>>> print(open('entry.cif').read())   # mmCIF, C-alpha atoms
data_protein
#
loop_
_atom_site.label_atom_id
_atom_site.label_comp_id
_atom_site.auth_asym_id
_atom_site.auth_seq_id
_atom_site.Cartn_x
_atom_site.Cartn_y
_atom_site.Cartn_z
CA MET A 10 94.01 110.74 105.14
CA SER A 11 90.58 109.37 104.52
CA ASP A 12 87.75 110.47 106.76
CA HIS A 13 86.73 106.85 107.20
CA SER A 14 89.80 105.70 109.04
CA GLY A 15 88.11 104.71 112.29
CA HIS A 16 90.00 105.34 115.50
CA THR A 17 93.32 106.73 114.30
CA ALA A 18 95.63 109.38 115.64
CA GLU A 19 93.54 111.98 113.78
CA HIS A 20 90.33 110.75 115.40
CA PRO A 21 91.43 109.70 118.84
CA VAL A 22 89.05 107.85 121.12
CA ALA A 23 89.62 106.82 124.72
CA HIS A 24 91.45 103.51 124.48
CA PRO A 25 91.11 101.12 127.41
CA GLY A 26 94.32 100.61 129.39
CA TYR A 27 96.25 97.53 130.49
CA GLY A 28 94.20 97.17 133.68
CA THR A 29 90.85 96.65 131.91
CA PHE A 30 92.16 93.72 129.89
CA ILE A 31 94.04 92.14 132.81
CA GLY A 32 90.79 92.31 134.80
CA ILE A 33 88.89 90.56 131.99
CA TRP A 34 91.63 87.90 131.77
CA LEU A 35 91.31 87.22 135.54
CA LEU A 36 87.54 86.95 135.13
CA LEU A 37 88.03 84.48 132.24
CA LEU A 38 90.33 82.35 134.42
CA LEU A 39 87.75 82.46 137.22
CA LEU A 40 84.97 81.37 134.85
CA THR A 41 87.20 78.54 133.57
CA ALA A 42 87.72 77.38 137.17
CA GLY A 43 83.92 77.53 137.65
CA LEU A 44 83.36 75.49 134.50
CA VAL A 45 85.82 72.80 135.59
CA SER A 46 84.32 72.69 139.11
CA LEU A 47 80.78 72.31 137.72
CA SER A 48 81.92 69.45 135.47
CA HIS A 49 82.89 67.51 138.62
CA LEU A 50 79.45 67.96 140.22
CA GLY A 51 77.60 65.75 137.75
CA GLN A 52 76.15 65.67 134.28
CA THR A 53 73.37 68.26 134.85
CA ALA A 54 75.73 70.80 136.44
CA ALA A 55 78.26 70.22 133.64
CA VAL A 56 75.63 70.88 130.95
CA TRP A 57 74.48 74.08 132.69
CA GLY A 58 78.11 75.16 132.96
CA LEU A 59 78.56 74.51 129.26
CA LEU A 60 75.38 76.40 128.32
CA ILE A 61 75.96 79.45 130.55
CA LEU A 62 79.65 79.88 131.38
CA THR A 63 81.09 79.01 127.96
CA PRO A 64 79.02 81.60 125.97
CA LEU A 65 79.77 84.09 128.76
CA LYS A 66 83.53 83.52 128.34
CA ALA A 67 83.24 83.80 124.54
CA GLY A 68 81.17 86.99 124.99
CA LEU A 69 83.86 88.57 127.17
CA VAL A 70 86.53 87.79 124.55
CA PHE A 71 84.32 89.21 121.76
CA TYR A 72 83.29 92.28 123.72
CA TYR A 73 86.59 93.31 125.30
CA PHE A 74 89.56 91.52 123.70
CA MET A 75 88.08 91.83 120.20
CA HIS A 76 87.04 95.42 120.95
CA LEU A 77 83.40 94.87 120.00
CA LYS A 78 82.44 97.12 122.93
CA TYR A 79 84.20 100.01 121.19
CA GLU A 80 82.81 99.35 117.68
CA GLY A 81 79.62 100.70 116.11
CA PRO A 82 76.36 98.77 115.76
CA LEU A 83 77.28 97.36 112.32
CA PHE A 84 79.92 94.99 113.78
CA LYS A 85 77.53 93.78 116.46
CA ILE A 86 74.80 93.19 113.84
CA VAL A 87 77.23 91.17 111.65
CA LEU A 88 78.08 88.95 114.63
CA LEU A 89 74.48 88.56 115.81
CA VAL A 90 73.23 87.68 112.30
CA THR A 91 75.93 84.98 112.06
CA LEU A 92 75.21 83.51 115.48
CA GLY A 93 71.45 83.75 114.79
CA THR A 94 71.90 81.85 111.52
CA LEU A 95 73.83 79.10 113.30
CA LEU A 96 71.11 78.95 115.96
CA ILE A 97 68.43 78.54 113.27
CA PHE A 98 70.38 75.66 111.70
CA PHE A 99 70.79 74.11 115.15
CA ALA A 100 67.03 74.43 115.84
CA LEU A 101 66.10 73.04 112.43
CA LEU A 102 68.36 70.00 112.92
CA PHE A 103 67.01 69.19 116.37
CA SER A 104 63.38 69.79 115.36
CA ASP A 105 63.98 67.17 112.67
CA VAL A 106 65.65 64.76 115.12
CA ALA A 107 62.87 65.20 117.70
CA PHE A 108 60.08 64.14 115.30
CA ARG A 109 61.78 61.14 113.69
CA MET B 26 98.46 113.68 95.04
CA SER B 27 101.75 113.21 96.87
CA GLY B 28 101.33 112.97 100.61
CA HIS B 29 97.76 111.71 100.33
CA VAL B 30 97.46 108.27 101.87
CA HIS B 31 94.11 106.61 101.57
CA ARG B 32 93.25 104.61 104.65
CA ASP B 33 90.06 103.01 105.77
CA ASP B 34 90.70 101.34 109.10
CA LEU B 35 86.99 100.87 109.78
CA GLY B 36 86.52 99.10 106.42
CA SER B 37 89.62 97.02 107.11
CA ARG B 38 88.28 95.85 110.47
CA LEU B 39 84.85 95.19 108.95
CA GLY B 40 86.50 93.07 106.23
CA MET B 41 88.34 91.11 108.92
CA TRP B 42 85.13 90.56 110.87
CA LEU B 43 83.37 89.32 107.70
CA PHE B 44 86.20 86.81 107.24
CA LEU B 45 85.93 85.79 110.89
CA VAL B 46 82.19 85.09 110.61
CA THR B 47 82.94 82.63 107.78
CA GLU B 48 85.31 80.90 110.21
CA MET B 49 82.53 80.88 112.83
CA VAL B 50 80.18 79.22 110.33
CA LEU B 51 82.87 76.63 109.50
CA PHE B 52 83.38 75.66 113.14
CA GLY B 53 79.69 76.22 113.92
CA GLY B 54 78.76 73.47 111.45
CA LEU B 55 81.15 71.11 113.24
CA PHE B 56 79.71 72.10 116.64
CA ILE B 57 76.18 71.38 115.38
CA GLY B 58 77.38 68.01 114.07
CA TYR B 59 78.95 67.32 117.47
CA SER B 60 75.67 68.20 119.25
CA TYR B 61 73.68 65.76 117.13
CA MET B 62 76.19 62.94 117.59
CA ARG B 63 76.39 63.53 121.35
CA HIS B 64 72.58 63.43 121.46
CA ARG B 65 72.67 60.12 119.55
CA TYR B 66 75.59 58.50 121.45
CA PRO B 67 75.55 60.01 124.99
CA ALA B 68 77.21 57.06 126.76
CA GLU B 69 79.94 56.66 124.14
CA PHE B 70 80.76 60.39 124.21
CA HIS B 71 80.89 60.24 128.01
CA HIS B 72 83.33 57.32 127.81
CA GLY B 73 85.33 58.94 125.00
CA GLY B 74 85.71 62.14 127.05
CA GLY B 75 87.09 60.02 129.90
CA GLU B 76 89.92 58.86 127.59
CA LEU B 77 91.13 62.46 127.12
CA ASN B 78 93.53 64.21 129.49
CA ALA B 79 91.37 66.98 131.03
CA THR B 80 94.37 68.49 132.86
CA LEU B 81 96.20 69.12 129.57
CA GLY B 82 93.00 70.61 128.11
CA ILE B 83 92.65 72.99 131.08
CA ILE B 84 96.36 73.98 130.95
CA ASN B 85 96.00 74.71 127.23
CA THR B 86 92.92 76.84 127.97
CA ILE B 87 94.92 78.95 130.43
CA VAL B 88 97.78 79.18 127.89
CA LEU B 89 95.48 80.41 125.09
CA LEU B 90 93.53 82.83 127.32
CA THR B 91 96.84 84.33 128.45
CA SER B 92 98.09 84.57 124.85
CA SER B 93 94.88 86.44 123.96
CA LEU B 94 95.62 88.85 126.81
CA THR B 95 99.19 89.48 125.62
CA VAL B 96 98.00 90.26 122.06
CA VAL B 97 95.51 92.83 123.29
CA LEU B 98 98.17 94.29 125.63
CA ALA B 99 100.53 94.56 122.63
CA ILE B 100 97.89 96.73 120.90
CA VAL B 101 97.63 98.96 124.01
CA ALA B 102 101.44 99.25 124.05
CA VAL B 103 101.52 100.28 120.36
CA GLN B 104 98.76 102.85 121.00
CA ARG B 105 101.01 104.31 123.73
CA ALA B 106 104.12 104.17 121.50
CA GLU B 107 105.75 101.64 123.86
CA LYS B 108 107.48 99.68 121.12
CA LYS B 109 109.72 97.47 123.28
CA ARG B 110 106.82 96.51 125.51
CA ALA B 111 104.64 95.72 122.47
CA MET B 112 107.38 93.47 121.09
CA ALA B 113 107.77 91.74 124.45
CA PHE B 114 104.00 91.06 124.54
CA LEU B 115 104.08 89.66 121.01
CA TRP B 116 107.09 87.44 121.79
CA THR B 117 105.16 86.16 124.82
CA THR B 118 102.14 85.42 122.60
CA LEU B 119 104.34 83.49 120.17
CA GLY B 120 105.87 81.54 123.07
CA LEU B 121 102.44 80.71 124.51
CA GLY B 122 101.12 79.67 121.07
CA CYS B 123 104.10 77.32 120.63
CA THR B 124 103.53 75.97 124.17
CA PHE B 125 99.93 75.21 123.20
CA LEU B 126 101.10 73.27 120.14
CA VAL B 127 103.75 71.32 122.11
CA ILE B 128 101.15 70.30 124.74
CA LYS B 129 98.75 69.31 121.95
CA GLY B 130 101.57 67.31 120.33
CA PHE B 131 102.17 65.36 123.58
CA GLU B 132 98.44 64.78 123.89
CA TRP B 133 98.02 63.48 120.35
CA SER B 134 101.16 61.31 120.68
CA ALA B 135 99.68 59.63 123.76
CA LYS B 136 96.48 58.92 121.81
CA PHE B 137 98.47 57.49 118.89
CA HIS B 138 100.37 55.17 121.29
CA HIS B 139 97.02 53.87 122.53
CA GLY B 140 95.99 53.12 118.95
CA LEU B 141 93.63 56.08 118.79
CA TYR B 142 94.12 57.87 115.49
CA PRO B 143 92.01 58.21 112.34
CA ASN B 144 91.59 54.86 110.55
CA ALA B 145 93.51 52.98 113.28
CA PRO B 146 92.79 49.20 113.56
CA HIS B 147 92.13 49.54 117.33
CA LEU B 148 89.69 52.42 116.75
CA ALA B 149 87.72 50.22 114.34
CA THR B 150 87.07 47.74 117.19
CA LEU B 151 85.43 50.42 119.38
CA PRO B 152 81.65 51.05 119.39
CA PRO B 153 80.45 53.34 116.54
CA GLY B 154 79.70 56.19 118.96
CA GLU B 155 83.29 56.26 120.24
CA GLN B 156 84.61 56.14 116.68
CA VAL B 157 82.49 59.21 115.94
CA PHE B 158 83.73 60.90 119.14
CA PHE B 159 87.40 60.44 118.23
CA GLY B 160 86.70 61.33 114.59
CA LEU B 161 85.22 64.67 115.72
CA TYR B 162 87.99 65.11 118.31
CA PHE B 163 90.78 64.78 115.74
CA THR B 164 88.91 66.82 113.10
CA MET B 165 88.00 69.72 115.38
CA THR B 166 91.19 69.93 117.45
CA GLY B 167 93.23 69.34 114.26
CA LEU B 168 91.47 72.14 112.37
CA HIS B 169 91.86 74.35 115.42
CA GLY B 170 95.57 73.45 115.58
CA LEU B 171 95.98 74.50 111.94
CA HIS B 172 94.41 77.85 112.85
CA VAL B 173 96.91 78.20 115.72
CA ILE B 174 99.79 77.60 113.27
CA VAL B 175 98.37 80.18 110.82
CA GLY B 176 97.80 82.64 113.67
CA LEU B 177 101.38 82.22 114.92
CA SER B 178 102.72 82.82 111.40
CA VAL B 179 100.66 86.02 111.10
CA LEU B 180 101.76 87.20 114.56
CA ALA B 181 105.43 86.55 113.68
CA VAL B 182 105.06 88.87 110.65
CA LEU B 183 103.30 91.47 112.81
CA LEU B 184 106.15 91.30 115.35
CA TYR B 185 108.62 92.01 112.53
CA TRP B 186 106.46 94.94 111.38
CA VAL B 187 106.41 96.38 114.91
CA ALA B 188 110.20 96.00 115.06
CA THR B 189 110.62 97.80 111.71
CA ASP B 190 108.05 100.53 112.58
CA ARG B 191 105.63 99.52 109.86
CA ILE B 192 103.21 99.12 112.76
CA ARG B 193 103.37 102.16 115.04
CA GLN B 194 101.23 104.45 117.18
CA ASP B 195 99.41 106.11 114.25
CA ARG B 196 99.10 102.97 112.15
CA TYR B 197 98.32 99.63 113.79
CA ILE B 198 95.31 98.24 111.92
CA HIS B 199 97.27 95.15 110.85
CA LEU B 200 98.01 94.33 114.47
CA GLU B 201 94.33 94.82 115.37
CA ASN B 202 93.21 92.48 112.58
CA GLY B 203 95.87 89.86 113.38
CA GLY B 204 94.81 90.09 117.01
CA LEU B 205 91.15 89.56 116.02
CA TYR B 206 92.11 86.31 114.27
CA TRP B 207 94.07 85.12 117.32
CA HIS B 208 91.16 85.91 119.65
CA LEU B 209 88.79 83.89 117.46
CA VAL B 210 91.17 80.93 117.72
CA ASP B 211 90.91 81.41 121.51
CA VAL B 212 87.08 81.57 121.38
CA ILE B 213 86.91 78.29 119.44
CA TRP B 214 89.09 76.60 122.08
CA ILE B 215 86.81 77.99 124.82
CA PHE B 216 84.06 75.81 123.29
CA LEU B 217 86.30 72.80 122.58
CA LEU B 218 87.33 72.45 126.26
CA PRO B 219 83.90 71.59 127.72
CA LEU B 220 82.73 69.68 124.64
CA PHE B 221 85.64 67.22 124.61
CA TYR B 222 87.81 67.40 127.73
CA LEU B 223 85.03 67.93 130.28
CA ALA B 224 82.53 65.66 128.48
CA ALA B 225 83.12 62.87 130.99
#
>>> encode(input="entry.cif", output="structure tokens")
Amino acid sequence: MSDHSGHTAEHPVAHPGYGTFIGIWLLLLLLTAGLVSLSHLGQTAAVWGLLILTPLKAGLVFYYFMHLKYEGPLFKIVLLVTLGTLLIFFALLFSDVAFR
Amino acid sequence: MSGHVHRDDLGSRLGMWLFLVTEMVLFGGLFIGYSYMRHRYPAEFHHGGGELNATLGIINTIVLLTSSLTVVLAIVAVQRAEKKRAMAFLWTTLGLGCTFLVIKGFEWSAKFHHGLYPNAPHLATLPPGEQVFFGLYFTMTGLHGLHVIVGLSVLAVLLYWVATDRIRQDRYIHLENGGLYWHLVDVIWIFLLPLFYLAA
């Protein structure tokens, strides 16, 4: 067995149980209900819902369901560099649009 | 050398994550394109969003979120050597994934009946902004749907591997990586719901 096998039977770590994930799922459903409710309150509320609740939902899936919480810093850096790159492209596009 | 099995679960997960970030860049480009077009055609996107069935979009969100839960619960079950429970969770995931596709099929069929499909004569009579809206709608939900089909195929293989003990308590990296892919498909849908179905 390689020493670099991550969390295996030889290198046990405390795995989260069923309850943790069911709790996150309930929270995700609650946030979805919030998002839908905000979309009925008007355009401004809908945009704020989109900008805050949607990344929050995605973050919960990344952090808990995709086990990012239990990974080392390298995985988090890979994700942040990717999202940062997309954000830079987004900013560059809209800085161009704004000054046309 | 007999008995020595080289395994690098950390490297395997890192490789999967590197693949997933390429998927994020693929969809990210489409999301940036969407943002620009929505900025350019706000009224048309608002009207286009009103043409979509928000209820079906919300139901599909609940279906995918629940399927994400059942995948992660299947991993917990394998970690606890609860094989039957893990298989039941994976069967549920497959069922929910198929439900998502059936609902999407009904939704697309309704659009086709109303003359809303790529290159349709009726679509060509709509304002340019609405043509762009439906072009992005079919491209992004279609590409996402393809990912759902790929994810279901992978999960079906993983279910077989759990059944045949290739995936078990001391060796479940394939299930973790397959689960990561399925969760990403879920994350993409989390963004598609407000951008299209709640746009009105």
>>> resolve_selection(input="entry.cif", expression="the PyMOL selection byres ((chain A and resi 37-51) around 8)", output="ChimeraX atom specification")
/A:33-36,52-56,58-59,62-63,66,69 /B:87,90,219,223-224
>>> atom_distance(input="entry.cif", atom1="atom CA of B:Trp133", atom2="atom CA of B:Val212")
21.2 Å
>>> residues_near_point(input="entry.cif", point="(77.5, 93.9, 109.1)", cutoff="12 Å", atoms="all atoms listed in the file", output="ChimeraX atom specification")
/A:80-91 /B:35-36,38-46
>>> residues_near_point(input="entry.cif", point="(100.1, 80.1, 117.3)", cutoff="6 Å", atoms="only C-alpha atoms", output="ChimeraX atom specification")
/B:122-123,173-174,176-177
>>> write_last_selection(input="entry.cif", atoms="C-alpha atoms", output="tab-separated table (two decimals), in the frame of the given file")
chain	number	residue	atom	x	y	z
B	122	GLY	CA	101.12	79.67	121.07
B	123	CYS	CA	104.10	77.32	120.63
B	173	VAL	CA	96.91	78.20	115.72
B	174	ILE	CA	99.79	77.60	113.27
B	176	GLY	CA	97.80	82.64	113.67
B	177	LEU	CA	101.38	82.22	114.92
>>> closest_atom_pairs(input="entry.cif", of="chain B", to="chain A", cutoff="6 Å", atoms="all atoms listed in the file", output="tab-separated table")
residue	atom	partner	partner_atom	distance
B:Val30	CA	A:Met10	CA	5.4
B:His31	CA	A:Ser11	CA	5.4
B:Arg32	CA	A:Ser11	CA	5.5
B:Asp33	CA	A:Ser14	CA	4.2
B:Asp34	CA	A:Ser14	CA	4.5
B:Leu35	CA	A:Gly15	CA	4.7
B:Asp195	CA	A:Ala18	CA	5.2
B:Leu205	CA	A:Met75	CA	5.7
B:Val212	CA	A:Ala67	CA	5.5
>>> write_last_selection(input="entry.cif", atoms="C-alpha atoms", output="mmCIF file, in the coordinates of the input")
data_model
loop_
_atom_site.group_PDB
_atom_site.id
_atom_site.type_symbol
_atom_site.label_atom_id
_atom_site.label_comp_id
_atom_site.auth_asym_id
_atom_site.auth_seq_id
_atom_site.Cartn_x
_atom_site.Cartn_y
_atom_site.Cartn_z
ATOM 1 C CA VAL B 30 97.460 108.270 101.870
ATOM 2 C CA HIS B 31 94.110 106.610 101.570
ATOM 3 C CA ARG B 32 93.250 104.610 104.650
ATOM 4 C CA ASP B 33 90.060 103.010 105.770
ATOM 5 C CA ASP B 34 90.700 101.340 109.100
ATOM 6 C CA LEU B 35 86.990 100.870 109.780
ATOM 7 C CA ASP B 195 99.410 106.110 114.250
ATOM 8 C CA LEU B 205 91.150 89.560 116.020
ATOM 9 C CA VAL B 212 87.080 81.570 121.380
#
>>> resolve_selection(input="entry.cif", expression="the PyMOL selection byres ((chain B and resi 115) around 8)", output="PyMOL selection string")
chain B and resi 95-96+99+111-114+116-119+180+184
>>> atom_distance(input="entry.cif", atom1="atom CA of B:Phe159", atom2="atom CA of B:His64")
15.5 Å
>>> closest_residue(input="entry.cif", among="B:Leu126, B:Ile100, B:Leu55, B:Leu89", to="B:Gly160", atoms="only C-alpha atoms")
B:Leu55
>>> atom_distance(input="entry.cif", atom1="atom CA of B:Ala79", atom2="atom CA of B:Ile128")
12.1 Å
